Structures are given as structure tokens and as C-alpha cells.
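Data from work-v3.txt: compact mmCIF, C-alpha atoms
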```txt
# COMPACT_ATOMS: atom_id res chain seq x y z
CA MET A 1 -24.47 2.13 -38.24
CA VAL A 2 -24.27 -0.99 -40.40
CA ALA A 3 -21.01 -2.65 -41.37
CA GLY A 4 -19.92 -0.78 -44.50
CA THR A 5 -19.02 -2.23 -47.88
CA VAL A 6 -16.65 -1.22 -50.66
CA LEU A 7 -18.34 -0.55 -54.00
CA PRO A 8 -16.71 -2.72 -56.69
CA GLU A 9 -16.73 -0.25 -59.61
CA SER A 10 -15.72 3.00 -57.88
CA GLY A 11 -13.83 1.70 -54.84
CA ALA A 12 -15.86 4.01 -52.59
CA LEU A 13 -16.89 2.92 -49.09
CA VAL A 14 -20.58 3.15 -48.23
CA ALA A 15 -22.41 2.67 -44.93
CA PHE A 16 -25.95 3.39 -43.74
CA ALA A 17 -26.87 4.87 -40.37
CA GLN A 18 -30.10 5.50 -38.51
CA ARG A 19 -31.22 9.14 -38.34
CA GLN A 20 -32.67 9.94 -34.92
CA ALA A 21 -34.77 12.86 -33.74
CA ASP A 22 -33.87 12.49 -30.07
CA VAL A 23 -30.74 10.83 -28.69
CA ALA A 24 -32.46 10.20 -25.35
CA THR A 25 -35.36 8.23 -26.84
CA LEU A 26 -33.56 7.04 -30.02
CA THR A 27 -36.61 8.01 -32.09
CA GLN A 28 -36.03 6.95 -35.69
CA ILE A 29 -36.86 9.41 -38.47
CA GLY A 30 -35.06 7.76 -41.38
CA THR A 31 -31.71 6.61 -42.72
CA ASP A 32 -28.61 8.51 -43.83
CA VAL A 33 -25.88 7.19 -46.10
CA VAL A 34 -22.20 7.93 -45.49
CA LEU A 35 -19.96 7.78 -48.57
CA ILE A 36 -16.16 7.96 -48.72
CA ARG A 37 -15.37 8.37 -52.40
CA ASN A 38 -11.57 8.22 -52.08
CA PHE A 39 -11.49 5.29 -49.65
CA SER A 40 -8.50 3.84 -51.53
CA ASP A 41 -6.34 6.69 -50.19
CA ALA A 42 -3.98 5.15 -47.62
CA ASP A 43 -4.21 8.25 -45.40
CA PRO A 44 -7.61 8.46 -43.62
CA GLN A 45 -7.01 12.15 -42.94
CA ARG A 46 -7.43 12.79 -46.66
CA TRP A 47 -10.71 10.90 -46.97
CA GLN A 48 -13.58 12.96 -48.35
CA TYR A 49 -16.96 12.29 -46.76
CA ALA A 50 -20.36 12.88 -48.33
CA THR A 51 -23.75 12.23 -46.73
CA SER A 52 -27.33 12.09 -47.93
CA HIS A 53 -30.73 11.27 -46.50
CA VAL A 54 -32.21 8.15 -48.10
CA ALA A 55 -35.43 9.42 -49.65
CA ALA A 56 -37.25 6.11 -49.16
CA SER A 57 -36.73 6.25 -45.38
CA ASP A 58 -38.80 7.86 -42.63
CA GLN A 59 -40.35 6.94 -39.27
CA VAL A 60 -41.73 3.76 -40.86
CA HIS A 61 -38.95 2.54 -43.16
CA SER A 62 -35.22 2.41 -42.40
CA TRP A 63 -32.42 0.80 -44.41
CA ASN A 64 -29.64 0.33 -41.90
CA ASN A 65 -29.50 -3.35 -40.99
CA GLY A 66 -27.05 -4.40 -43.69
CA VAL A 67 -25.51 -3.43 -47.04
CA LEU A 68 -23.83 -5.63 -49.66
CA ALA A 69 -22.24 -4.98 -53.05
CA GLY A 70 -20.12 -6.99 -55.46
CA GLU A 71 -22.76 -9.41 -56.77
CA GLY A 72 -21.66 -8.69 -60.35
CA ASP A 73 -24.94 -7.05 -61.38
CA GLY A 74 -24.06 -3.41 -60.64
CA PHE A 75 -26.47 -3.16 -57.68
CA VAL A 76 -25.93 -2.34 -54.01
CA TYR A 77 -28.32 -4.27 -51.73
CA MET A 78 -29.73 -3.13 -48.38
CA ILE A 79 -31.80 -4.81 -45.69
CA GLY A 80 -33.93 -2.59 -43.48
CA MET A 81 -36.81 -2.46 -41.04
CA ARG A 82 -40.47 -1.46 -41.35
CA GLU A 83 -42.55 -0.31 -38.36
CA ASN A 84 -45.96 -1.88 -38.95
CA ASP A 85 -47.80 -0.24 -36.04
CA LEU A 86 -47.57 2.80 -33.79
CA LYS A 87 -46.75 0.73 -30.70
CA GLY A 88 -43.39 -0.48 -32.01
CA THR A 89 -44.34 -4.12 -31.45
CA ASN A 90 -44.58 -5.33 -35.06
CA GLN A 91 -41.43 -4.88 -37.14
CA THR A 92 -40.38 -6.71 -40.28
CA GLN A 93 -37.23 -6.78 -42.42
CA HIS A 94 -37.18 -6.00 -46.16
CA LEU A 95 -34.77 -5.94 -49.11
CA ALA A 96 -33.93 -2.97 -51.34
CA ARG A 97 -31.35 -2.26 -54.02
CA ILE A 98 -29.94 0.63 -56.04
CA ARG A 99 -27.42 0.79 -58.87
CA GLU A 100 -23.95 1.85 -57.83
CA ASP A 101 -23.92 4.87 -60.15
CA ASP A 102 -27.28 6.05 -58.75
CA LEU A 103 -25.97 5.64 -55.20
CA LEU A 104 -22.83 7.63 -55.99
CA ALA A 105 -25.05 10.42 -57.39
CA PHE A 106 -27.53 10.13 -54.47
CA ASN A 107 -30.27 9.51 -57.03
CA TRP A 108 -32.79 7.80 -54.78
CA ASP A 109 -35.40 7.60 -57.55
CA GLY A 110 -33.46 4.56 -58.73
CA MET A 111 -34.14 2.60 -55.53
CA GLN A 112 -36.06 -0.68 -55.91
CA PHE A 113 -37.66 -3.03 -53.38
CA TRP A 114 -38.15 -6.79 -53.43
CA GLY A 115 -41.89 -7.39 -53.69
CA GLY A 116 -41.79 -11.19 -53.57
CA GLU A 117 -43.07 -13.51 -56.26
CA PRO A 118 -44.57 -12.89 -58.75
CA ALA A 119 -44.19 -9.10 -58.34
CA GLY A 120 -40.38 -9.11 -58.38
CA TRP A 121 -38.67 -5.73 -57.92
CA VAL A 122 -41.07 -2.84 -57.29
CA VAL A 123 -40.67 0.94 -56.91
CA ARG A 124 -42.64 1.61 -53.69
CA ALA A 125 -41.23 0.76 -50.26
CA TRP A 126 -44.74 -0.07 -49.04
CA ASP A 127 -44.93 -2.86 -51.63
CA ALA A 128 -41.79 -4.59 -50.32
CA ALA A 129 -42.35 -8.17 -49.15
CA LYS A 130 -41.29 -9.38 -45.71
CA LEU A 131 -38.04 -11.33 -45.48
CA TYR A 132 -38.36 -12.11 -41.77
CA ASP A 133 -39.62 -10.59 -38.51
CA GLY A 134 -37.66 -8.41 -36.09
CA PRO A 135 -36.71 -4.84 -35.10
CA PHE A 136 -33.05 -5.25 -36.01
CA THR A 137 -30.71 -2.43 -37.04
CA GLU A 138 -26.93 -1.90 -37.14
CA GLY A 139 -26.15 -5.36 -38.50
CA THR A 140 -24.14 -6.97 -41.27
CA LEU A 141 -25.34 -8.32 -44.61
CA ALA A 142 -22.69 -10.57 -46.15
CA LYS A 143 -22.05 -13.65 -48.26
CA HIS A 144 -20.19 -16.49 -46.56
CA PRO A 145 -17.42 -18.39 -48.41
CA LEU A 146 -19.65 -21.49 -48.23
CA GLY A 147 -22.12 -19.70 -50.50
CA PHE A 148 -25.03 -18.55 -48.32
CA TYR A 149 -26.10 -15.00 -47.44
CA TYR A 150 -26.49 -14.04 -43.80
CA VAL A 151 -27.43 -11.17 -41.51
CA VAL A 152 -26.10 -10.89 -37.94
CA CYS A 153 -28.80 -9.45 -35.67
CA LEU A 154 -28.81 -8.20 -32.09
CA GLN A 155 -31.16 -5.55 -30.76
CA ALA A 156 -30.56 -3.80 -27.43
CA GLY A 157 -32.21 -5.76 -24.62
CA ASP A 158 -32.29 -9.08 -26.46
CA PRO A 159 -30.57 -12.07 -24.79
CA ASN A 160 -29.43 -13.74 -28.02
CA ILE A 161 -27.50 -13.02 -31.20
CA ILE A 162 -29.55 -14.32 -34.13
CA ILE A 163 -28.23 -15.16 -37.57
CA HIS A 164 -30.68 -15.11 -40.47
CA SER A 165 -29.52 -16.81 -43.66
CA ALA A 166 -30.68 -17.72 -47.16
CA ALA A 167 -29.34 -19.29 -50.34
CA SER A 168 -30.52 -16.19 -52.25
CA LEU A 169 -30.82 -12.53 -51.26
CA THR A 170 -34.52 -12.65 -52.10
CA GLY A 171 -35.03 -15.65 -49.81
CA PRO A 172 -36.60 -17.60 -48.37
CA TRP A 173 -34.84 -16.55 -45.15
CA GLY A 174 -34.78 -18.40 -41.84
CA GLY A 175 -33.22 -17.58 -38.50
CA ALA A 176 -31.69 -19.33 -35.50
CA ILE A 177 -30.00 -18.39 -32.26
CA ALA A 178 -26.24 -18.43 -32.74
CA TYR A 179 -25.05 -17.23 -29.34
CA THR A 180 -26.59 -16.45 -25.95
CA LEU A 181 -25.15 -13.41 -24.22
CA PRO A 182 -23.47 -13.62 -20.80
CA PRO A 183 -26.02 -13.48 -17.95
CA ASP A 184 -23.72 -11.09 -16.07
CA LEU A 185 -24.72 -8.25 -18.43
CA ALA A 186 -28.18 -7.87 -16.92
CA ARG A 187 -26.84 -8.35 -13.41
CA TYR A 188 -24.59 -5.31 -13.81
CA GLN A 189 -27.24 -3.27 -15.70
CA GLN A 190 -25.42 -3.63 -18.99
CA PHE A 191 -26.84 -4.42 -22.42
CA ALA A 192 -25.48 -5.55 -25.77
CA TYR A 193 -26.36 -4.40 -29.28
CA ALA A 194 -25.00 -3.74 -32.80
CA ALA A 195 -23.70 -7.23 -33.63
CA LYS A 196 -21.41 -7.34 -36.67
CA ALA A 197 -19.70 -10.02 -38.75
CA HIS A 198 -15.94 -9.87 -39.35
CA PRO A 199 -15.07 -12.10 -42.34
CA GLU A 200 -11.55 -10.66 -42.32
CA LEU A 201 -10.88 -12.31 -38.93
CA ALA A 202 -11.94 -15.83 -39.92
CA GLN A 203 -9.04 -18.28 -39.87
CA ALA A 204 -10.77 -20.93 -41.97
CA GLU A 205 -13.50 -21.17 -44.60
CA ASP A 206 -15.91 -22.77 -42.12
CA GLU A 207 -15.61 -20.03 -39.48
CA LEU A 208 -17.67 -16.96 -38.75
CA VAL A 209 -16.39 -14.26 -36.38
CA ILE A 210 -18.94 -11.86 -34.93
CA SER A 211 -18.77 -9.00 -32.45
CA TYR A 212 -21.23 -7.11 -30.29
CA ASN A 213 -20.94 -3.85 -28.40
CA VAL A 214 -21.74 -3.39 -24.70
CA ASN A 215 -23.06 -0.33 -22.91
CA CYS A 216 -24.70 0.32 -19.56
CA VAL A 217 -28.00 1.68 -18.27
CA GLY A 218 -27.86 4.99 -16.44
CA GLU A 219 -28.90 8.61 -16.77
CA GLY A 220 -26.46 10.43 -19.00
CA PHE A 221 -24.40 7.22 -19.22
CA THR A 222 -22.73 8.16 -15.93
CA CYS A 223 -22.38 4.42 -15.36
CA LEU A 224 -19.34 4.62 -17.64
CA ASP A 225 -17.56 7.05 -15.33
CA GLY A 226 -14.42 5.40 -14.06
CA ASN A 227 -15.10 2.19 -15.96
CA LEU A 228 -14.75 2.75 -19.70
CA SER A 229 -13.77 -0.90 -20.11
CA ILE A 230 -17.52 -1.62 -20.31
CA TYR A 231 -17.87 0.19 -23.63
CA VAL A 232 -15.80 -2.14 -25.81
CA PRO A 233 -16.73 -4.72 -28.46
CA ARG A 234 -16.71 -8.42 -27.53
CA PHE A 235 -15.86 -11.12 -30.09
CA VAL A 236 -17.17 -14.65 -30.65
CA ARG A 237 -15.76 -17.24 -33.05
CA LEU A 238 -18.36 -19.61 -34.54
CA LYS A 239 -18.09 -22.82 -36.56
CA VAL A 240 -20.14 -23.16 -39.76
CA THR A 241 -21.04 -26.61 -41.11
CA ARG A 242 -22.06 -27.28 -44.70
CA ASN A 243 -25.32 -29.24 -44.90
CA VAL A 244 -26.69 -29.64 -48.41
CA THR A 245 -30.29 -30.85 -48.44
CA ALA A 246 -31.72 -32.43 -51.59
CA GLY A 247 -35.36 -33.14 -52.42
CA ARG A 248 -36.24 -29.68 -53.72
CA ALA A 249 -36.15 -28.10 -57.15
CA ARG A 250 -32.42 -27.77 -56.60
CA GLU A 251 -30.07 -28.37 -53.73
CA THR A 252 -29.97 -25.55 -51.21
CA LEU A 253 -27.02 -24.67 -49.04
CA HIS A 254 -27.80 -24.58 -45.34
CA SER A 255 -25.50 -23.88 -42.43
CA ALA A 256 -25.14 -24.93 -38.84
CA VAL A 257 -23.44 -22.44 -36.56
CA ARG A 258 -21.80 -23.80 -33.44
CA ALA A 259 -20.70 -21.48 -30.67
CA PRO A 260 -17.46 -22.18 -28.79
CA ARG A 261 -17.53 -23.39 -25.20
CA PRO A 262 -16.86 -20.21 -23.19
CA SER A 263 -16.81 -19.67 -19.46
CA SER A 264 -20.01 -18.72 -17.64
CA LYS A 265 -18.92 -15.07 -17.65
CA SER A 266 -18.40 -14.84 -21.40
CA GLY A 267 -21.54 -16.56 -22.60
CA ARG A 268 -22.62 -20.17 -22.90
CA ARG A 269 -22.55 -22.85 -25.52
CA LEU A 270 -26.02 -23.55 -26.81
CA GLY A 271 -25.67 -27.16 -27.92
CA ARG A 272 -28.96 -28.40 -29.36
CA ARG A 273 -30.73 -25.16 -28.44
CA LEU A 274 -28.58 -23.47 -31.05
CA PHE A 275 -30.83 -24.86 -33.73
CA ALA A 276 -34.13 -24.04 -32.04
CA PRO A 277 -36.35 -21.27 -33.45
CA ALA A 278 -35.44 -17.79 -32.33
CA HIS A 279 -37.52 -16.17 -29.60
CA LYS A 280 -40.94 -14.76 -30.43
CA GLY A 281 -40.94 -11.78 -32.75
CA HIS A 282 -37.31 -12.12 -33.80
CA GLY A 283 -37.18 -15.57 -35.34
CA LYS A 284 -38.89 -17.55 -38.01
CA GLY A 285 -41.71 -15.88 -39.87
CA ALA A 286 -44.91 -17.63 -40.80
CA GLY A 287 -44.19 -20.57 -43.05
CA GLU A 288 -40.41 -20.24 -42.74
CA SER A 289 -38.09 -23.01 -41.70
CA SER A 290 -34.77 -22.47 -40.02
CA PRO A 291 -31.77 -22.80 -42.33
CA TYR A 292 -29.85 -24.29 -39.40
CA SER A 293 -29.83 -28.00 -38.67
CA SER A 294 -28.26 -30.14 -35.98
CA GLU A 295 -26.20 -33.22 -36.54
```
Entire entry expressed as C-alpha cells:
Amino acid sequence: MVAGTVLPESGALVAFAQRQADVATLTQIGTDVVLIRNFSDADPQRWQYATSHVAASDQVHSWNNGVLAGEGDGFVYMIGMRENDLKGTNQTQHLARIREDDLLAFNWDGMQFWGGEPAGWVVRAWDAAKLYDGPFTEGTLAKHPLGFYYVVCLQAGDPNIIIHSAASLTGPWGGAIAYTLPPDLARYQQFAYAAKAHPELAQAEDELVISYNVNCVGEGFTCLDGNLSIYVPRFVRLKVTRNVTAGRARETLHSAVRAPRPSSKSGRRLGRRLFAPAHKGHGKGAGESSPYSSE
């Protein structure tokens, strides 16, 4: 499930989750939305849940990598994945939006997709333009206090947490490795996934706090027996540096994310490698440049 967001007009909480046909194989068959209309109620036991299948989702399109509202235009924005072949080796990320009142009514006919320039917003998911490459789900779409948009991405089995960012939701987007996972995970047959951003935990404007979950490989997850401490989120505090680059039609806000210096068991500081392109298939798309720069 993606990190949820509170809708500005109604105060409802909305989150998107992957619908799966088989828990064992994690076969995707679409996206479901979870809506808590009375989220402002201080007692969670009184929350009222409503769910709906997103009509523009199926085995090809999903919309559960990030959701964002509060841009002042009445829309709720989603980033999701497209499967471009039957082998599962060519996935791309795309942008969609829907008006808050349509979302509250589960009126999926109002969903629109960013088709790039000059098409603009289009009505067919197949006409959506690529933002960047990657099979990512269960992420966070957010706007940083320094002014840029970002998505925190980590797919099960990947060695790195990648942050994609842009000055505008419609792009252009670029990505860079923000944090390399501890090597001990693979040694103990563990894997990480579902990275999230936690703006509420940042102690300064130039910080970014992210988390990732850890699980283990084993039939029926018996590897967790007697050691539930494996299945807990881990947190990383990053430093964000403002780097405004001129020489374009207008100045664009970029960011440089620096990982802390952890011990060898908790991950490693990337130094200059932090600003290198992400690994093949999950990083910069054709013609893109990374929004991260070293100093």
C-alpha cells in the first residue's frame, strides 16, 4: 500500500493498494482504493472504511506507487506502473489524476492521465506518457519543503533505495540512488521493500526521513518463527541540499540527498556514488538527467 494522504476539502484519508490474484506469486490484477471518510474522528474504532476497485487498473496498469493531494487545484494525483511486456522485464511509471469529489464518489470516469507535451491530460491510460522506468509500487509521492516533488522507490530484491524527483509533477523526472541497503540482508536471506517518506519526522527543512520494511525468504514465511524482530521497519535520515541551476527557461530546483554514515550492519554511506545514475531499469530514462548533483 502507498503512503496515504488527507484530502484537503473533505478531510478524508485515501490510500491505494495493489490487488493481487495470488498471495504466493503476488500476481497483480489491479488497484483498490481505501477511503476513510471520517478520518478526523479522534477514535480510530469509529472510522468508517470504504473501498473500490480503480476502473483504470488491471494486470497492465496499477496506481499504487504514490498519491498526493493539496495542490490547490481540486485534484488528487497518483503515480503508478505499467507492464509493457508479458515477461515483466519492462515497466514504466505514469501520472494520473482525479478530482476529489469524483474520488469520494468512486466515479472513475473522471480519471485523467498525463500524456506529455503537447497532448496534455488525456482520458485513456494507454495514452499516458512515461515519467521514468521501474517496477516500483508501495511508495510515497510528496512535495518537499524545498519545493520539489519526489517519489521514494524500493522494490523487493533491489539493493538500493532510489529517489525520483522533479520540479513539476508532470516532469521531467530524474532519479538517483539515495541509500544502499545493508549487505547483511542477503546474507541472512532477508529482503527489503515498500520504502516510504516520513515528512512528519524531519527535524529541519533540509531533511528527509525514509523507512523501508524487511521480510525474509522462506516457505510460508516460517523464517519469522521465533524471530519477529526481522519484520519491522528501518529508518534512515537523509540531508537535502538546495542547488538552483540557471541557464534554462527558468531556474529549476534540484536536490542532493546525502545519507548518514552508518555502521556496516545498517547500510553504508554512498559518498560520490550517491549521485550516480540508478542501476539499469530503475534509474534515468532515455534523455533524462539526474536531478541530484554533487558538490
Contacts of Ala17 of chain A at 12 Å or less, counting all atoms listed in the file, minus same-chain residues fewer than 2 places along, as a PyMOL selection string? chain A and resi 1-4+14-15+19-20+28-35+51-54+57+62-67+78+80+137-139+194
For the residues selected in the previous step, produce a file with C-alpha atoms as a PDB file, in the frame of the given file.
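selection16.pdb written:
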```pdb
ATOM      1  CA  MET A   1     -24.470   2.130 -38.240  1.00  0.00           C
ATOM      2  CA  VAL A   2     -24.270  -0.990 -40.400  1.00  0.00           C
ATOM      3  CA  ALA A   3     -21.010  -2.650 -41.370  1.00  0.00           C
ATOM      4  CA  GLY A   4     -19.920  -0.780 -44.500  1.00  0.00           C
ATOM      5  CA  VAL A  14     -20.580   3.150 -48.230  1.00  0.00           C
ATOM      6  CA  ALA A  15     -22.410   2.670 -44.930  1.00  0.00           C
ATOM      7  CA  ARG A  19     -31.220   9.140 -38.340  1.00  0.00           C
ATOM      8  CA  GLN A  20     -32.670   9.940 -34.920  1.00  0.00           C
ATOM      9  CA  GLN A  28     -36.030   6.950 -35.690  1.00  0.00           C
ATOM     10  CA  ILE A  29     -36.860   9.410 -38.470  1.00  0.00           C
ATOM     11  CA  GLY A  30     -35.060   7.760 -41.380  1.00  0.00           C
ATOM     12  CA  THR A  31     -31.710   6.610 -42.720  1.00  0.00           C
ATOM     13  CA  ASP A  32     -28.610   8.510 -43.830  1.00  0.00           C
ATOM     14  CA  VAL A  33     -25.880   7.190 -46.100  1.00  0.00           C
ATOM     15  CA  VAL A  34     -22.200   7.930 -45.490  1.00  0.00           C
ATOM     16  CA  LEU A  35     -19.960   7.780 -48.570  1.00  0.00           C
ATOM     17  CA  THR A  51     -23.750  12.230 -46.730  1.00  0.00           C
ATOM     18  CA  SER A  52     -27.330  12.090 -47.930  1.00  0.00           C
ATOM     19  CA  HIS A  53     -30.730  11.270 -46.500  1.00  0.00           C
ATOM     20  CA  VAL A  54     -32.210   8.150 -48.100  1.00  0.00           C
ATOM     21  CA  SER A  57     -36.730   6.250 -45.380  1.00  0.00           C
ATOM     22  CA  SER A  62     -35.220   2.410 -42.400  1.00  0.00           C
ATOM     23  CA  TRP A  63     -32.420   0.800 -44.410  1.00  0.00           C
ATOM     24  CA  ASN A  64     -29.640   0.330 -41.900  1.00  0.00           C
ATOM     25  CA  ASN A  65     -29.500  -3.350 -40.990  1.00  0.00           C
ATOM     26  CA  GLY A  66     -27.050  -4.400 -43.690  1.00  0.00           C
ATOM     27  CA  VAL A  67     -25.510  -3.430 -47.040  1.00  0.00           C
ATOM     28  CA  MET A  78     -29.730  -3.130 -48.380  1.00  0.00           C
ATOM     29  CA  GLY A  80     -33.930  -2.590 -43.480  1.00  0.00           C
ATOM     30  CA  THR A 137     -30.710  -2.430 -37.040  1.00  0.00           C
ATOM     31  CA  GLU A 138     -26.930  -1.900 -37.140  1.00  0.00           C
ATOM     32  CA  GLY A 139     -26.150  -5.360 -38.500  1.00  0.00           C
ATOM     33  CA  ALA A 194     -25.000  -3.740 -32.800  1.00  0.00           C
TER      34      ALA A 194
END
```
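Using all atoms listed in the file for every distance, the candidate list A:His164, A:Lys239, A:His61, A:Arg124 yields A:His164 as the residue closest to Lys143 of chain A.
Using all atoms listed in the file, the smallest distance between any of A:Ala119, A:Ile79, A:Leu169, A:Leu7 and Arg99 of chain A comes from A:Leu7.
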Kindly extract all protein, DNA and RNA residues lying within 12 Å of the coordinates (-23.2, -15.2, -52.5) given in the file, considering all atoms listed in the file, and supply them as an mmCIF file with C-alpha atoms, in the frame of the given file.
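File written: part_39.cif
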```
data_model
loop_
_atom_site.group_PDB
_atom_site.id
_atom_site.type_symbol
_atom_site.label_atom_id
_atom_site.label_comp_id
_atom_site.auth_asym_id
_atom_site.auth_seq_id
_atom_site.Cartn_x
_atom_site.Cartn_y
_atom_site.Cartn_z
ATOM 1 C CA LEU A 68 -23.830 -5.630 -49.660
ATOM 2 C CA ALA A 69 -22.240 -4.980 -53.050
ATOM 3 C CA GLY A 70 -20.120 -6.990 -55.460
ATOM 4 C CA GLU A 71 -22.760 -9.410 -56.770
ATOM 5 C CA GLY A 72 -21.660 -8.690 -60.350
ATOM 6 C CA LEU A 141 -25.340 -8.320 -44.610
ATOM 7 C CA ALA A 142 -22.690 -10.570 -46.150
ATOM 8 C CA LYS A 143 -22.050 -13.650 -48.260
ATOM 9 C CA HIS A 144 -20.190 -16.490 -46.560
ATOM 10 C CA PRO A 145 -17.420 -18.390 -48.410
ATOM 11 C CA LEU A 146 -19.650 -21.490 -48.230
ATOM 12 C CA GLY A 147 -22.120 -19.700 -50.500
ATOM 13 C CA PHE A 148 -25.030 -18.550 -48.320
ATOM 14 C CA TYR A 149 -26.100 -15.000 -47.440
ATOM 15 C CA TYR A 150 -26.490 -14.040 -43.800
ATOM 16 C CA SER A 165 -29.520 -16.810 -43.660
ATOM 17 C CA ALA A 166 -30.680 -17.720 -47.160
ATOM 18 C CA ALA A 167 -29.340 -19.290 -50.340
ATOM 19 C CA SER A 168 -30.520 -16.190 -52.250
ATOM 20 C CA LEU A 169 -30.820 -12.530 -51.260
ATOM 21 C CA THR A 170 -34.520 -12.650 -52.100
ATOM 22 C CA LEU A 253 -27.020 -24.670 -49.040
#
```
Expressed in Å to a single decimal, how great is the separation between atom CA of Thr92 of chain A and atom CA of Trp126 of chain A?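 Result for atom CA of Thr92 of chain A versus atom CA of Trp126 of chain A: 11.8 Å, one decimal.
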Could you work out how far atom CA of Gly11 of chain A lies from atom CA of Gln45 of chain A, giving the answer in Å with one decimal?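 Pair atom CA of Gln45 of chain A / atom CA of Gly11 of chain A returns 17.2 Å.
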Incomplete segment 141-159 of chain A brought to N, CA, C and O atoms, written out as a PDB file, in the frame of the given file:
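Final output, result-v2.pdb:
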```
ATOM      1  N   LEU A 141     -24.857  -7.473 -43.531  1.00  0.00           N
ATOM      2  CA  LEU A 141     -25.340  -8.320 -44.610  1.00  0.00           C
ATOM      3  C   LEU A 141     -24.110  -8.768 -45.394  1.00  0.00           C
ATOM      4  O   LEU A 141     -23.340  -7.936 -45.877  1.00  0.00           O
ATOM      5  N   ALA A 142     -23.908 -10.075 -45.507  1.00  0.00           N
ATOM      6  CA  ALA A 142     -22.690 -10.570 -46.150  1.00  0.00           C
ATOM      7  C   ALA A 142     -22.965 -11.910 -46.817  1.00  0.00           C
ATOM      8  O   ALA A 142     -23.998 -12.546 -46.592  1.00  0.00           O
ATOM      9  N   LYS A 143     -22.004 -12.334 -47.636  1.00  0.00           N
ATOM     10  CA  LYS A 143     -22.050 -13.650 -48.260  1.00  0.00           C
ATOM     11  C   LYS A 143     -20.890 -14.467 -47.722  1.00  0.00           C
ATOM     12  O   LYS A 143     -19.733 -14.050 -47.785  1.00  0.00           O
ATOM     13  N   HIS A 144     -21.212 -15.637 -47.168  1.00  0.00           N
ATOM     14  CA  HIS A 144     -20.190 -16.490 -46.560  1.00  0.00           C
ATOM     15  C   HIS A 144     -19.445 -17.260 -47.649  1.00  0.00           C
ATOM     16  O   HIS A 144     -20.013 -17.555 -48.711  1.00  0.00           O
ATOM     17  N   PRO A 145     -18.173 -17.601 -47.428  1.00  0.00           N
ATOM     18  CA  PRO A 145     -17.420 -18.390 -48.410  1.00  0.00           C
ATOM     19  C   PRO A 145     -18.094 -19.705 -48.788  1.00  0.00           C
ATOM     20  O   PRO A 145     -17.867 -20.230 -49.888  1.00  0.00           O
ATOM     21  N   LEU A 146     -18.940 -20.258 -47.905  1.00  0.00           N
ATOM     22  CA  LEU A 146     -19.650 -21.490 -48.230  1.00  0.00           C
ATOM     23  C   LEU A 146     -20.831 -21.257 -49.155  1.00  0.00           C
ATOM     24  O   LEU A 146     -21.474 -22.202 -49.592  1.00  0.00           O
ATOM     25  N   GLY A 147     -21.148 -19.988 -49.453  1.00  0.00           N
ATOM     26  CA  GLY A 147     -22.120 -19.700 -50.500  1.00  0.00           C
ATOM     27  C   GLY A 147     -23.452 -19.142 -50.057  1.00  0.00           C
ATOM     28  O   GLY A 147     -24.266 -18.766 -50.900  1.00  0.00           O
ATOM     29  N   PHE A 148     -23.734 -19.061 -48.758  1.00  0.00           N
ATOM     30  CA  PHE A 148     -25.030 -18.550 -48.320  1.00  0.00           C
ATOM     31  C   PHE A 148     -24.910 -17.094 -47.871  1.00  0.00           C
ATOM     32  O   PHE A 148     -23.835 -16.617 -47.491  1.00  0.00           O
ATOM     33  N   TYR A 149     -26.025 -16.378 -47.926  1.00  0.00           N
ATOM     34  CA  TYR A 149     -26.100 -15.000 -47.440  1.00  0.00           C
ATOM     35  C   TYR A 149     -26.555 -15.023 -45.985  1.00  0.00           C
ATOM     36  O   TYR A 149     -27.337 -15.887 -45.588  1.00  0.00           O
ATOM     37  N   TYR A 150     -26.093 -14.056 -45.206  1.00  0.00           N
ATOM     38  CA  TYR A 150     -26.490 -14.040 -43.800  1.00  0.00           C
ATOM     39  C   TYR A 150     -26.527 -12.614 -43.269  1.00  0.00           C
ATOM     40  O   TYR A 150     -25.874 -11.707 -43.797  1.00  0.00           O
ATOM     41  N   VAL A 151     -27.333 -12.431 -42.222  1.00  0.00           N
ATOM     42  CA  VAL A 151     -27.430 -11.170 -41.510  1.00  0.00           C
ATOM     43  C   VAL A 151     -27.245 -11.464 -40.026  1.00  0.00           C
ATOM     44  O   VAL A 151     -27.912 -12.350 -39.474  1.00  0.00           O
ATOM     45  N   VAL A 152     -26.328 -10.751 -39.382  1.00  0.00           N
ATOM     46  CA  VAL A 152     -26.100 -10.890 -37.940  1.00  0.00           C
ATOM     47  C   VAL A 152     -26.963  -9.867 -37.230  1.00  0.00           C
ATOM     48  O   VAL A 152     -26.887  -8.674 -37.526  1.00  0.00           O
ATOM     49  N   CYS A 153     -27.792 -10.313 -36.283  1.00  0.00           N
ATOM     50  CA  CYS A 153     -28.800  -9.450 -35.670  1.00  0.00           C
ATOM     51  C   CYS A 153     -28.731  -9.493 -34.150  1.00  0.00           C
ATOM     52  O   CYS A 153     -28.715 -10.572 -33.552  1.00  0.00           O
ATOM     53  N   LEU A 154     -28.715  -8.314 -33.542  1.00  0.00           N
ATOM     54  CA  LEU A 154     -28.810  -8.200 -32.090  1.00  0.00           C
ATOM     55  C   LEU A 154     -29.367  -6.826 -31.756  1.00  0.00           C
ATOM     56  O   LEU A 154     -28.742  -5.807 -32.044  1.00  0.00           O
ATOM     57  N   GLN A 155     -30.549  -6.805 -31.165  1.00  0.00           N
ATOM     58  CA  GLN A 155     -31.160  -5.550 -30.760  1.00  0.00           C
ATOM     59  C   GLN A 155     -30.966  -5.349 -29.262  1.00  0.00           C
ATOM     60  O   GLN A 155     -30.959  -6.319 -28.494  1.00  0.00           O
ATOM     61  N   ALA A 156     -30.783  -4.107 -28.840  1.00  0.00           N
ATOM     62  CA  ALA A 156     -30.560  -3.800 -27.430  1.00  0.00           C
ATOM     63  C   ALA A 156     -31.654  -4.414 -26.567  1.00  0.00           C
ATOM     64  O   ALA A 156     -32.843  -4.252 -26.844  1.00  0.00           O
ATOM     65  N   GLY A 157     -31.260  -5.121 -25.528  1.00  0.00           N
ATOM     66  CA  GLY A 157     -32.210  -5.760 -24.620  1.00  0.00           C
ATOM     67  C   GLY A 157     -32.469  -7.211 -24.925  1.00  0.00           C
ATOM     68  O   GLY A 157     -33.026  -7.926 -24.085  1.00  0.00           O
ATOM     69  N   ASP A 158     -32.088  -7.677 -26.119  1.00  0.00           N
ATOM     70  CA  ASP A 158     -32.290  -9.080 -26.460  1.00  0.00           C
ATOM     71  C   ASP A 158     -31.221  -9.951 -25.809  1.00  0.00           C
ATOM     72  O   ASP A 158     -30.068  -9.521 -25.673  1.00  0.00           O
ATOM     73  N   PRO A 159     -31.553 -11.192 -25.443  1.00  0.00           N
ATOM     74  CA  PRO A 159     -30.570 -12.070 -24.790  1.00  0.00           C
ATOM     75  C   PRO A 159     -29.732 -12.879 -25.770  1.00  0.00           C
ATOM     76  O   PRO A 159     -28.783 -13.533 -25.358  1.00  0.00           O
TER      77      PRO A 159
END
```
